[in-house]
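Text of structure-v8.cif, listed as mmCIF, C-alpha atoms:
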```cif
data_my_file
#
loop_
_atom_site.label_atom_id
_atom_site.label_comp_id
_atom_site.auth_asym_id
_atom_site.auth_seq_id
_atom_site.Cartn_x
_atom_site.Cartn_y
_atom_site.Cartn_z
CA MET A 1 101.93 68.90 104.31
CA LEU A 2 98.36 69.79 105.29
CA LYS A 3 96.55 72.45 103.29
CA ILE A 4 93.30 74.26 103.92
CA ARG A 5 91.81 74.53 100.46
CA LEU A 6 88.66 74.31 98.35
CA ALA A 7 87.23 70.94 97.27
CA ARG A 8 84.73 71.10 94.44
CA PHE A 9 81.32 69.44 94.51
CA GLY A 10 77.92 70.19 92.95
CA LYS A 11 76.46 69.69 89.51
CA ASN A 12 78.02 70.26 86.12
CA LYS A 13 78.45 74.01 85.47
CA GLU A 14 77.10 74.74 88.96
CA PRO A 15 80.22 74.58 91.13
CA ARG A 16 80.16 74.73 94.89
CA TYR A 17 83.13 74.27 97.14
CA ARG A 18 83.80 73.00 100.61
CA ILE A 19 86.61 74.54 102.63
CA VAL A 20 88.54 71.48 103.75
CA VAL A 21 91.74 70.28 105.39
CA MET A 22 93.59 67.68 103.33
CA ASP A 23 97.02 66.47 102.36
CA SER A 24 98.51 68.69 99.65
CA ARG A 25 99.46 65.63 97.56
CA LYS A 26 95.84 64.48 97.21
CA LYS A 27 93.68 65.48 94.26
CA ARG A 28 91.02 68.15 94.64
CA GLU A 29 88.20 65.69 95.32
CA GLY A 30 90.42 63.31 97.34
CA LYS A 31 90.08 62.14 100.91
CA VAL A 32 89.26 64.99 103.28
CA ILE A 33 90.51 65.19 106.87
CA ASP A 34 88.07 67.85 108.09
CA ILE A 35 85.40 70.16 106.61
CA LEU A 36 85.64 73.77 107.82
CA GLY A 37 82.94 75.46 105.75
CA HIS A 38 81.47 76.04 102.30
CA TYR A 39 81.61 78.57 99.45
CA ASP A 40 79.34 79.21 96.45
CA PRO A 41 81.10 81.36 93.81
CA ARG A 42 77.86 82.01 91.89
CA ARG A 43 76.49 83.79 94.96
CA ASP A 44 79.74 85.35 96.07
CA THR A 45 78.41 86.34 99.49
CA ASP A 46 77.28 82.76 100.24
CA PHE A 47 80.11 81.28 102.29
CA LYS A 48 80.65 80.11 105.85
CA ILE A 49 83.84 79.29 107.73
CA GLU A 50 84.10 77.79 111.19
CA MET A 51 86.79 80.09 112.57
CA LYS A 52 87.52 78.05 115.72
CA LYS A 53 88.26 74.92 113.70
CA LEU A 54 90.33 76.99 111.26
CA GLU A 55 92.48 78.42 114.05
CA GLU A 56 93.02 74.92 115.51
CA TRP A 57 94.25 73.57 112.17
CA ILE A 58 96.54 76.57 111.62
CA LYS A 59 98.08 75.93 115.06
CA LYS A 60 98.67 72.32 113.99
CA GLY A 61 100.63 73.56 110.96
CA ALA A 62 98.08 73.54 108.13
CA GLN A 63 98.65 76.20 105.47
CA LEU A 64 95.98 78.24 103.68
CA THR A 65 95.76 78.49 99.91
CA ASP A 66 95.50 81.98 98.41
CA ARG A 67 91.78 81.74 97.69
CA VAL A 68 90.97 80.50 101.19
CA LYS A 69 93.11 83.31 102.66
CA SER A 70 90.99 85.87 100.82
CA LEU A 71 87.76 84.21 102.03
CA VAL A 72 89.01 84.21 105.63
CA LYS A 73 89.96 87.87 105.32
CA ARG A 74 86.47 88.69 104.02
CA ALA A 75 84.81 86.63 106.75
CA LYS A 76 86.75 88.48 109.44
CA LYS A 77 85.81 91.83 107.89
CA GLU A 78 82.09 90.95 107.57
CA HIS A 79 81.76 89.23 110.95
CA PRO A 80 84.29 90.71 113.39
CA ALA A 81 84.83 88.87 116.66
CA PRO A 82 82.75 90.33 119.48
CA SER A 83 84.79 92.38 121.91
CA ASP A 84 84.95 91.24 125.52
CA THR A 85 84.97 94.75 126.95
CA LEU A 86 81.83 96.05 128.63
#
```

Write out the structure in this file as structure tokens.
Amino acid sequence: MLKIRLARFGKNKEPRYRIVVMDSRKKREGKVIDILGHYDPRRDTDFKIEMKKLEEWIKKGAQLTDRVKSLVKRAKKEHPAPSDTL
């Protein structure tokens, strides 16, 4: 099963995470299928998610982890999609 989850990288005691698509059976730093964004928990507002890629992977059946769900929810709240009405 494909999961959209956080993969840790960065220095010791300075964690940073990439938002990635990978097989749920792989370890956290295992082989990644696609990178969708990044997240820095020390600067909680420092994260980016490519929403188009995210939607494509969800359509293909990938599931979000709880933490990624909360980041996506925050991203949608902070950067709402522009309306097409004029």

Practice item. Given the file shown, enumerate the residues that the PyMOL selection byres ((chain A and resi 41-56) around 8) captures and present them as an MDAnalysis selection string. Key: chainID A and resid 14:16 19 36:40 57:60 72 75

Point to revise | Non-local contacts of Ala7 (chain A) (7 Å; only C-alpha atoms; under 2 positions in same chain excluded) as a ChimeraX atom specification | key: /A:5,9,17-20,28-29

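Closest to Leu71 (chain A) among A:Asp34, A:Asn12, A:Ser24, A:Leu6 is A:Leu6, based on all atoms listed in the file.
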
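The two atoms in question, CA of Ile35 (chain A) and CA of Val21 (chain A), are spaced 6.5 Å apart.
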
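Of note, CA of Met1 (chain A) and CA of Lys26 (chain A) are spaced 10.3 Å apart.
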
Practice item. Output the residue selection produced by the PyMOL selection byres ((chain A and resi 2) around 8) on the file above, formatted as a list of chain:residue names. Key: A:Met1, A:Lys3, A:Ile4, A:Val21, A:Met22, A:Asp23, A:Ser24, A:Gly61, A:Ala62, A:Gln63
